[in-house]
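Containing mmCIF, C-alpha atoms: input13.cif.
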```
data_model
#
loop_
_atom_site.label_atom_id
_atom_site.label_comp_id
_atom_site.auth_asym_id
_atom_site.auth_seq_id
_atom_site.Cartn_x
_atom_site.Cartn_y
_atom_site.Cartn_z
CA MET A 29 0.00 0.00 0.00
CA SER A 30 1.33 3.42 -0.95
CA ALA A 31 2.27 5.74 1.91
CA GLN A 32 0.13 8.33 0.15
CA HIS A 33 -2.97 6.20 0.49
CA PRO A 34 -5.27 6.60 3.51
CA ALA A 35 -4.64 4.20 6.37
CA ALA A 36 -8.29 3.20 5.93
CA VAL A 37 -11.45 4.36 4.20
CA LEU A 38 -14.53 4.49 6.42
CA PHE A 39 -17.84 4.35 4.56
CA ASP A 40 -21.27 5.40 5.79
CA MET A 41 -24.05 3.20 4.40
CA ASP A 42 -27.52 4.77 3.99
CA GLY A 43 -27.46 7.44 1.31
CA THR A 44 -23.70 7.05 0.79
CA LEU A 45 -23.22 3.53 -0.56
CA VAL A 46 -26.82 2.52 -1.14
CA ASP A 47 -29.91 4.50 -2.06
CA SER A 48 -31.82 3.36 1.02
CA GLU A 49 -33.12 6.67 2.36
CA LYS A 50 -36.18 6.34 0.11
CA LEU A 51 -36.98 3.04 1.84
CA TRP A 52 -36.70 4.78 5.21
CA ASP A 53 -39.05 7.47 3.82
CA THR A 54 -41.62 4.79 3.04
CA ALA A 55 -41.45 3.14 6.47
CA LEU A 56 -41.48 6.39 8.45
CA HIS A 57 -44.41 7.85 6.55
CA GLU A 58 -46.34 4.59 6.92
CA LEU A 59 -45.81 4.63 10.69
CA ALA A 60 -46.91 8.26 10.92
CA VAL A 61 -50.13 7.37 9.07
CA ALA A 62 -50.64 4.36 11.37
CA TYR A 63 -50.44 6.82 14.27
CA GLY A 64 -53.06 9.03 12.63
CA GLY A 65 -50.70 11.77 11.46
CA VAL A 66 -48.43 12.97 8.68
CA LEU A 67 -44.66 13.23 9.04
CA SER A 68 -43.41 16.70 8.13
CA ALA A 69 -40.59 17.21 5.65
CA ALA A 70 -38.58 19.11 8.26
CA ALA A 71 -38.78 16.25 10.78
CA ARG A 72 -37.82 13.71 8.13
CA ARG A 73 -34.76 15.75 7.11
CA ALA A 74 -33.69 16.02 10.75
CA MET A 75 -33.75 12.23 11.08
CA ILE A 76 -31.21 11.54 8.34
CA GLY A 77 -28.00 10.15 9.78
CA THR A 78 -29.32 9.95 13.36
CA SER A 79 -29.84 6.96 15.64
CA MET A 80 -33.12 5.04 15.70
CA ALA A 81 -33.98 6.40 19.15
CA ALA A 82 -33.42 9.98 18.03
CA SER A 83 -35.47 9.42 14.88
CA MET A 84 -38.38 7.97 16.81
CA GLN A 85 -38.31 10.88 19.24
CA LEU A 86 -38.40 13.29 16.31
CA LEU A 87 -41.33 11.41 14.79
CA HIS A 88 -43.30 11.38 18.04
CA ASP A 89 -42.65 15.06 18.69
CA ASP A 90 -43.56 15.97 15.12
CA LEU A 91 -46.91 14.19 15.49
CA GLY A 92 -47.55 15.73 18.90
CA GLN A 93 -47.44 12.26 20.45
CA SER A 94 -44.33 12.47 22.60
CA GLU A 95 -45.82 10.03 25.11
CA ARG A 96 -45.52 7.10 22.70
CA ASP A 97 -43.08 4.29 23.46
CA LEU A 98 -39.81 4.72 21.57
CA GLN A 99 -38.98 1.02 21.59
CA ALA A 100 -42.37 0.03 20.18
CA SER A 101 -42.02 2.50 17.32
CA ALA A 102 -38.45 1.38 16.64
CA ALA A 103 -39.54 -2.26 16.52
CA TRP A 104 -42.25 -1.39 13.96
CA ILE A 105 -39.79 0.52 11.79
CA ASN A 106 -37.14 -2.19 12.02
CA ALA A 107 -39.59 -4.87 10.92
CA ARG A 108 -40.83 -2.79 7.98
CA ILE A 109 -37.35 -1.75 6.90
CA LEU A 110 -36.22 -5.38 6.94
CA GLU A 111 -39.02 -6.14 4.47
CA LEU A 112 -38.03 -3.23 2.26
CA PHE A 113 -34.30 -4.00 2.38
CA ARG A 114 -34.98 -7.59 1.34
CA SER A 115 -36.82 -6.30 -1.73
CA GLY A 116 -33.47 -4.99 -2.97
CA LEU A 117 -31.05 -2.10 -2.50
CA GLN A 118 -29.64 0.08 -5.24
CA TRP A 119 -26.05 1.36 -5.22
CA ARG A 120 -25.49 5.10 -5.18
CA PRO A 121 -23.74 6.37 -8.36
CA GLY A 122 -20.05 5.59 -8.31
CA ALA A 123 -20.14 3.87 -4.91
CA LEU A 124 -19.46 0.31 -6.06
CA THR A 125 -16.64 1.40 -8.38
CA LEU A 126 -14.91 3.36 -5.60
CA LEU A 127 -15.33 0.56 -3.07
CA ARG A 128 -13.83 -1.94 -5.51
CA ALA A 129 -10.89 0.39 -6.22
CA VAL A 130 -10.18 0.80 -2.50
CA ARG A 131 -10.29 -2.95 -1.95
CA ALA A 132 -8.09 -3.62 -5.00
CA ALA A 133 -5.51 -1.22 -3.54
CA GLN A 134 -5.58 -3.29 -0.33
CA ILE A 135 -6.60 -0.28 1.74
CA PRO A 136 -8.49 -1.35 4.90
CA THR A 137 -12.19 -0.50 4.91
CA ALA A 138 -14.93 -0.12 7.49
CA LEU A 139 -18.67 0.29 7.25
CA VAL A 140 -19.75 2.83 9.87
CA THR A 141 -23.52 3.14 10.01
CA SER A 142 -26.29 4.31 12.32
CA SER A 143 -28.43 1.37 11.19
CA ALA A 144 -28.91 -1.61 13.49
CA ARG A 145 -27.00 -4.87 12.98
CA ALA A 146 -30.12 -6.77 11.82
CA LEU A 147 -30.64 -4.30 8.96
CA VAL A 148 -26.95 -4.18 8.09
CA GLU A 149 -26.83 -7.97 7.77
CA VAL A 150 -29.51 -7.72 5.08
CA ALA A 151 -27.73 -4.82 3.37
CA LEU A 152 -24.49 -6.84 3.27
CA ASP A 153 -26.17 -9.20 0.83
CA THR A 154 -25.92 -6.29 -1.62
CA LEU A 155 -22.75 -4.62 -0.34
CA GLY A 156 -20.77 -7.85 -0.04
CA ARG A 157 -19.68 -9.41 3.21
CA ASP A 158 -16.05 -9.37 2.13
CA SER A 159 -16.16 -5.66 1.23
CA PHE A 160 -15.30 -4.48 4.74
CA ASP A 161 -12.69 -5.42 7.29
CA VAL A 162 -14.81 -3.95 10.10
CA VAL A 163 -18.53 -3.18 10.44
CA VAL A 164 -19.69 -0.74 13.15
CA CYS A 165 -23.47 -0.62 13.61
CA GLY A 166 -25.58 1.97 15.39
CA ASP A 167 -26.78 -0.44 18.05
CA GLU A 168 -23.26 -1.62 18.85
CA VAL A 169 -21.79 1.64 20.17
CA ASP A 170 -22.68 3.53 23.34
CA SER A 171 -23.01 6.85 21.50
CA ALA A 172 -24.29 7.20 17.93
CA LYS A 173 -23.51 9.81 15.28
CA PRO A 174 -22.97 12.80 15.56
CA HIS A 175 -20.83 11.59 18.47
CA PRO A 176 -17.33 10.59 17.25
CA MET A 177 -17.48 7.14 18.86
CA PRO A 178 -18.59 5.18 15.75
CA TYR A 179 -15.62 6.39 13.71
CA LEU A 180 -13.18 6.15 16.59
CA THR A 181 -14.34 2.57 17.14
CA ALA A 182 -13.78 1.66 13.50
CA ALA A 183 -10.23 3.06 13.51
CA ARG A 184 -9.42 1.37 16.82
CA VAL A 185 -10.61 -2.05 15.64
CA LEU A 186 -8.73 -1.64 12.34
CA GLY A 187 -5.63 -0.63 14.30
CA VAL A 188 -5.04 2.56 12.30
CA PRO A 189 -4.75 6.23 13.32
CA ILE A 190 -8.04 8.05 12.74
CA GLY A 191 -6.12 11.09 11.52
CA ARG A 192 -4.93 9.05 8.53
CA CYS A 193 -8.43 7.83 7.63
CA VAL A 194 -10.89 9.21 5.11
CA ALA A 195 -14.58 9.03 6.06
CA ILE A 196 -17.22 9.22 3.35
CA GLU A 197 -20.61 10.57 4.42
CA ASP A 198 -23.83 11.99 2.97
CA SER A 199 -25.45 13.78 5.93
CA PRO A 200 -24.60 16.67 8.27
CA THR A 201 -24.90 14.29 11.23
CA GLY A 202 -22.43 11.84 9.76
CA VAL A 203 -20.02 14.58 8.71
CA ALA A 204 -20.09 15.98 12.25
CA SER A 205 -19.28 12.53 13.66
CA ALA A 206 -16.34 11.97 11.33
CA LEU A 207 -14.92 15.45 11.88
CA ALA A 208 -15.20 15.13 15.65
CA ALA A 209 -13.34 11.82 15.46
CA GLY A 210 -10.50 13.46 13.53
CA ALA A 211 -10.89 11.84 10.10
CA ALA A 212 -10.53 13.59 6.77
CA VAL A 213 -14.05 13.87 5.33
CA LEU A 214 -15.54 13.51 1.88
CA ALA A 215 -19.20 14.55 1.78
CA VAL A 216 -21.54 13.40 -0.98
CA PRO A 217 -24.93 14.90 0.00
CA ALA A 218 -27.94 12.82 -0.99
CA GLU A 219 -31.23 13.77 0.64
CA VAL A 220 -30.16 16.84 2.64
CA PRO A 221 -27.46 19.46 1.95
CA VAL A 222 -24.20 19.57 3.86
CA GLU A 223 -23.08 23.07 4.76
CA PRO A 224 -19.89 23.97 2.87
CA ARG A 225 -16.80 24.28 5.05
CA ALA A 226 -13.08 24.42 4.39
CA ASP A 227 -12.27 21.11 6.10
CA VAL A 228 -14.85 19.03 4.22
CA HIS A 229 -14.50 18.20 0.52
CA GLN A 230 -17.83 17.87 -1.28
CA LEU A 231 -18.78 16.03 -4.45
CA ALA A 232 -22.13 15.69 -6.16
CA SER A 233 -21.48 12.00 -6.75
CA LEU A 234 -18.95 9.31 -5.87
CA ALA A 235 -18.59 8.80 -9.62
CA ALA A 236 -16.11 11.71 -9.40
CA ALA A 237 -14.08 10.11 -6.59
CA ASP A 238 -10.98 7.96 -6.97
CA LEU A 239 -7.91 6.87 -5.01
CA GLU A 240 -6.00 9.99 -6.01
CA LEU A 241 -8.72 12.20 -4.54
CA LEU A 242 -8.75 10.25 -1.28
CA ALA A 243 -4.98 10.63 -0.98
CA ALA A 244 -5.25 14.34 -1.80
CA LEU A 245 -7.70 14.86 1.06
CA LEU A 246 -5.03 13.79 3.52
CA GLY A 247 -2.43 15.88 1.71
CA ASP A 248 -4.65 18.96 1.87
CA ARG A 249 -5.13 18.41 5.60
CA SER A 250 -1.37 18.22 6.19
CA ALA A 251 -0.79 21.37 4.15
CA ASN A 252 -3.48 23.27 6.03
CA ALA A 253 -2.05 22.16 9.39
CA ALA A 254 1.43 23.29 8.37
CA PHE A 255 0.10 26.62 7.16
CA GLY A 256 -1.85 27.14 10.37
CA ALA A 257 1.23 26.46 12.46
CA ARG A 258 3.18 29.32 10.92
#
```

Take the structure in the file and give it back as structure tokens.
Amino acid sequence: MSAQHPAAVLFDMDGTLVDSEKLWDTALHELAVAYGGVLSAAARRAMIGTSMAASMQLLHDDLGQSERDLQASAAWINARILELFRSGLQWRPGALTLLRAVRAAQIPTALVTSSARALVEVALDTLGRDSFDVVVCGDEVDSAKPHPMPYLTAARVLGVPIGRCVAIEDSPTGVASALAAGAAVLAVPAEVPVEPRADVHQLASLAAADLELLAALLGDRSANAAFGAR
């Protein structure tokens, strides 16, 4: 592996590798209707990239039904999403090509997702169980995104320094998690915009990403750190 390559590439799942947010849309709107309400667009946007518990709290609050049981709602969503995931997942543009290039270069990879292990196991039928050296699921860490723990956990298990990793995300919540952990970040917004900032590189699609870009993200970070130290 070239010294210029990242020590590892850490991939988000929903909205980054697979076009699964539309399936979440379906399940969440169905549950809102079952509860006699309609999920607002603002509440749905706020859920993207968050933990299941946070999403259910947002749904309940949006419907004016904050007294509802979070675990019961989460169980309903998990069961419905499992059905929808099994119907088939579509790759995001450029995602499979980039993942294959990273694997071919023998760069370690991790899947770092807010989704629960049961859902991820279904998604891995599409993503490939040998595509990742480590899989970190939302229900397997004490603190979910935007906390840095998911990305720090992935780097620790891989045995690589997080500062030499590139994280690829689609949501503000995921970007915040990766930045807080100390990774270089590539944002590819899908359903919600990511606010432009100097320390986050943005692309419209992973079709424009390659190994040279990933290496350049780490190079840009080193150059900025050296400039800031002067």

| For Leu246 of chain A, which of A:Val216, A:Cys193, A:Ala226, A:Ile76 is the closest residue, counting all atoms listed in the file? |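 Smallest separation from Leu246 of chain A among the options: A:Cys193.
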
| If you apply the PyMOL selection byres ((chain A and resi 212) around 8) to this file, what residues do you get, as a ChimeraX atom specification? | /A:191-195,206-207,210-211,213-214,227-228,245-246,249

| message | Just want the 12 Å neighbourhood of segment 49-65 of chain A, counted on all atoms listed in the file, with same-chain residues fewer than 5 positions away dropped. Output as a ChimeraX atom specification. | response | /A:41-44,71-73,75-77,80,83-84,86-94,96,100-120,143,147,198-199,217-220

So that I have them on file, write out the residues from the current selection with C-alpha atoms, as a compact mmCIF listing (two decimals), keeping the file's coordinate frame.
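The result, stored in selection_26.txt:
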```
# COMPACT_ATOMS: atom_id res chain seq x y z
CA MET A 41 -24.05 3.20 4.40
CA ASP A 42 -27.52 4.77 3.99
CA GLY A 43 -27.46 7.44 1.31
CA THR A 44 -23.70 7.05 0.79
CA ALA A 71 -38.78 16.25 10.78
CA ARG A 72 -37.82 13.71 8.13
CA ARG A 73 -34.76 15.75 7.11
CA MET A 75 -33.75 12.23 11.08
CA ILE A 76 -31.21 11.54 8.34
CA GLY A 77 -28.00 10.15 9.78
CA MET A 80 -33.12 5.04 15.70
CA SER A 83 -35.47 9.42 14.88
CA MET A 84 -38.38 7.97 16.81
CA LEU A 86 -38.40 13.29 16.31
CA LEU A 87 -41.33 11.41 14.79
CA HIS A 88 -43.30 11.38 18.04
CA ASP A 89 -42.65 15.06 18.69
CA ASP A 90 -43.56 15.97 15.12
CA LEU A 91 -46.91 14.19 15.49
CA GLY A 92 -47.55 15.73 18.90
CA GLN A 93 -47.44 12.26 20.45
CA SER A 94 -44.33 12.47 22.60
CA ARG A 96 -45.52 7.10 22.70
CA ALA A 100 -42.37 0.03 20.18
CA SER A 101 -42.02 2.50 17.32
CA ALA A 102 -38.45 1.38 16.64
CA ALA A 103 -39.54 -2.26 16.52
CA TRP A 104 -42.25 -1.39 13.96
CA ILE A 105 -39.79 0.52 11.79
CA ASN A 106 -37.14 -2.19 12.02
CA ALA A 107 -39.59 -4.87 10.92
CA ARG A 108 -40.83 -2.79 7.98
CA ILE A 109 -37.35 -1.75 6.90
CA LEU A 110 -36.22 -5.38 6.94
CA GLU A 111 -39.02 -6.14 4.47
CA LEU A 112 -38.03 -3.23 2.26
CA PHE A 113 -34.30 -4.00 2.38
CA ARG A 114 -34.98 -7.59 1.34
CA SER A 115 -36.82 -6.30 -1.73
CA GLY A 116 -33.47 -4.99 -2.97
CA LEU A 117 -31.05 -2.10 -2.50
CA GLN A 118 -29.64 0.08 -5.24
CA TRP A 119 -26.05 1.36 -5.22
CA ARG A 120 -25.49 5.10 -5.18
CA SER A 143 -28.43 1.37 11.19
CA LEU A 147 -30.64 -4.30 8.96
CA ASP A 198 -23.83 11.99 2.97
CA SER A 199 -25.45 13.78 5.93
CA PRO A 217 -24.93 14.90 0.00
CA ALA A 218 -27.94 12.82 -0.99
CA GLU A 219 -31.23 13.77 0.64
CA VAL A 220 -30.16 16.84 2.64
```

| task | Could you tell me how far atom CA of Cys165 of chain A lies from atom CA of Asp97 of chain A, in Å and to one decimal? | result |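 About the pair atom CA of Cys165 of chain A and atom CA of Asp97 of chain A: they are 22.5 Å apart.
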
| request: Find the residue from A:Pro189, A:Ser48, A:Pro121, A:Ser79 that sits nearest to Leu231 of chain A; use all atoms listed in the file when measuring. | output: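 That would be A:Pro121, the residue with the smallest distance to Leu231 of chain A.
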
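The gap separating atom CA of Ala236 of chain A from atom CA of Ala182 of chain A is 25.1 Å, in Å to one decimal.
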
| request: Using only C-alpha atoms, find the one residue out of A:Phe160, A:Leu45, A:Gly122, A:Leu234 that sits nearest to Pro136 of chain A. | output: A:Phe160

| Suppose you want the space between atom CA of Ala36 of chain A and atom CA of Pro174 of chain A; what is it in Å? |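 It comes out at 20.0 Å.
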
| task | Go through A:Ala146, A:Leu127, A:Val203, A:Val185 one by one, measure the shortest atom-to-atom distance of each to Val37 of chain A using all atoms listed in the file, and give the residue with the smallest value. | result |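 Of all the options, A:Leu127 lies closest to Val37 of chain A.
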
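With all atoms listed in the file as the atoms that count, the minimum distance from Gln230 of chain A to the choices A:Arg128, A:Val163, A:Leu139, A:Ile196 is reached by A:Ile196.
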
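Comparing A:Ala215, A:Leu155, A:Ala81, A:Ala208 by their smallest distance to Ala237 of chain A, the closest is A:Ala215 (using all atoms listed in the file).
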
| request: Determine the residue membership of the PyMOL selection byres ((chain A and resi 33) around 12) for the file above and supply it as a list in words. | output: Met29, Ser30, Ala31, Gln32, Pro34, Ala35, Ala36, Val37, Ala129, Val130, Arg131, Ala133, Gln134, Ile135, Pro136, Arg192, Cys193, Val194, Asp238, Leu239, Glu240, Leu241, Leu242, Ala243, Ala244, Leu245, Leu246 and Gly247 of chain A

Those selected residues, please, written with C-alpha atoms and delivered as a PDB file, keeping the file's coordinate frame.
```pdb
ATOM      1  CA  MET A  29       0.000   0.000   0.000  1.00  0.00           C
ATOM      2  CA  SER A  30       1.330   3.420  -0.950  1.00  0.00           C
ATOM      3  CA  ALA A  31       2.270   5.740   1.910  1.00  0.00           C
ATOM      4  CA  GLN A  32       0.130   8.330   0.150  1.00  0.00           C
ATOM      5  CA  PRO A  34      -5.270   6.600   3.510  1.00  0.00           C
ATOM      6  CA  ALA A  35      -4.640   4.200   6.370  1.00  0.00           C
ATOM      7  CA  ALA A  36      -8.290   3.200   5.930  1.00  0.00           C
ATOM      8  CA  VAL A  37     -11.450   4.360   4.200  1.00  0.00           C
ATOM      9  CA  ALA A 129     -10.890   0.390  -6.220  1.00  0.00           C
ATOM     10  CA  VAL A 130     -10.180   0.800  -2.500  1.00  0.00           C
ATOM     11  CA  ARG A 131     -10.290  -2.950  -1.950  1.00  0.00           C
ATOM     12  CA  ALA A 133      -5.510  -1.220  -3.540  1.00  0.00           C
ATOM     13  CA  GLN A 134      -5.580  -3.290  -0.330  1.00  0.00           C
ATOM     14  CA  ILE A 135      -6.600  -0.280   1.740  1.00  0.00           C
ATOM     15  CA  PRO A 136      -8.490  -1.350   4.900  1.00  0.00           C
ATOM     16  CA  ARG A 192      -4.930   9.050   8.530  1.00  0.00           C
ATOM     17  CA  CYS A 193      -8.430   7.830   7.630  1.00  0.00           C
ATOM     18  CA  VAL A 194     -10.890   9.210   5.110  1.00  0.00           C
ATOM     19  CA  ASP A 238     -10.980   7.960  -6.970  1.00  0.00           C
ATOM     20  CA  LEU A 239      -7.910   6.870  -5.010  1.00  0.00           C
ATOM     21  CA  GLU A 240      -6.000   9.990  -6.010  1.00  0.00           C
ATOM     22  CA  LEU A 241      -8.720  12.200  -4.540  1.00  0.00           C
ATOM     23  CA  LEU A 242      -8.750  10.250  -1.280  1.00  0.00           C
ATOM     24  CA  ALA A 243      -4.980  10.630  -0.980  1.00  0.00           C
ATOM     25  CA  ALA A 244      -5.250  14.340  -1.800  1.00  0.00           C
ATOM     26  CA  LEU A 245      -7.700  14.860   1.060  1.00  0.00           C
ATOM     27  CA  LEU A 246      -5.030  13.790   3.520  1.00  0.00           C
ATOM     28  CA  GLY A 247      -2.430  15.880   1.710  1.00  0.00           C
TER      29      GLY A 247
END
```

| How would you write, as an MDAnalysis selection string, the residues chosen by the PyMOL selection byres ((chain A and resi 171) around 12) on this structure? | chainID A and resid 78:82 142 164:170 172:181 205
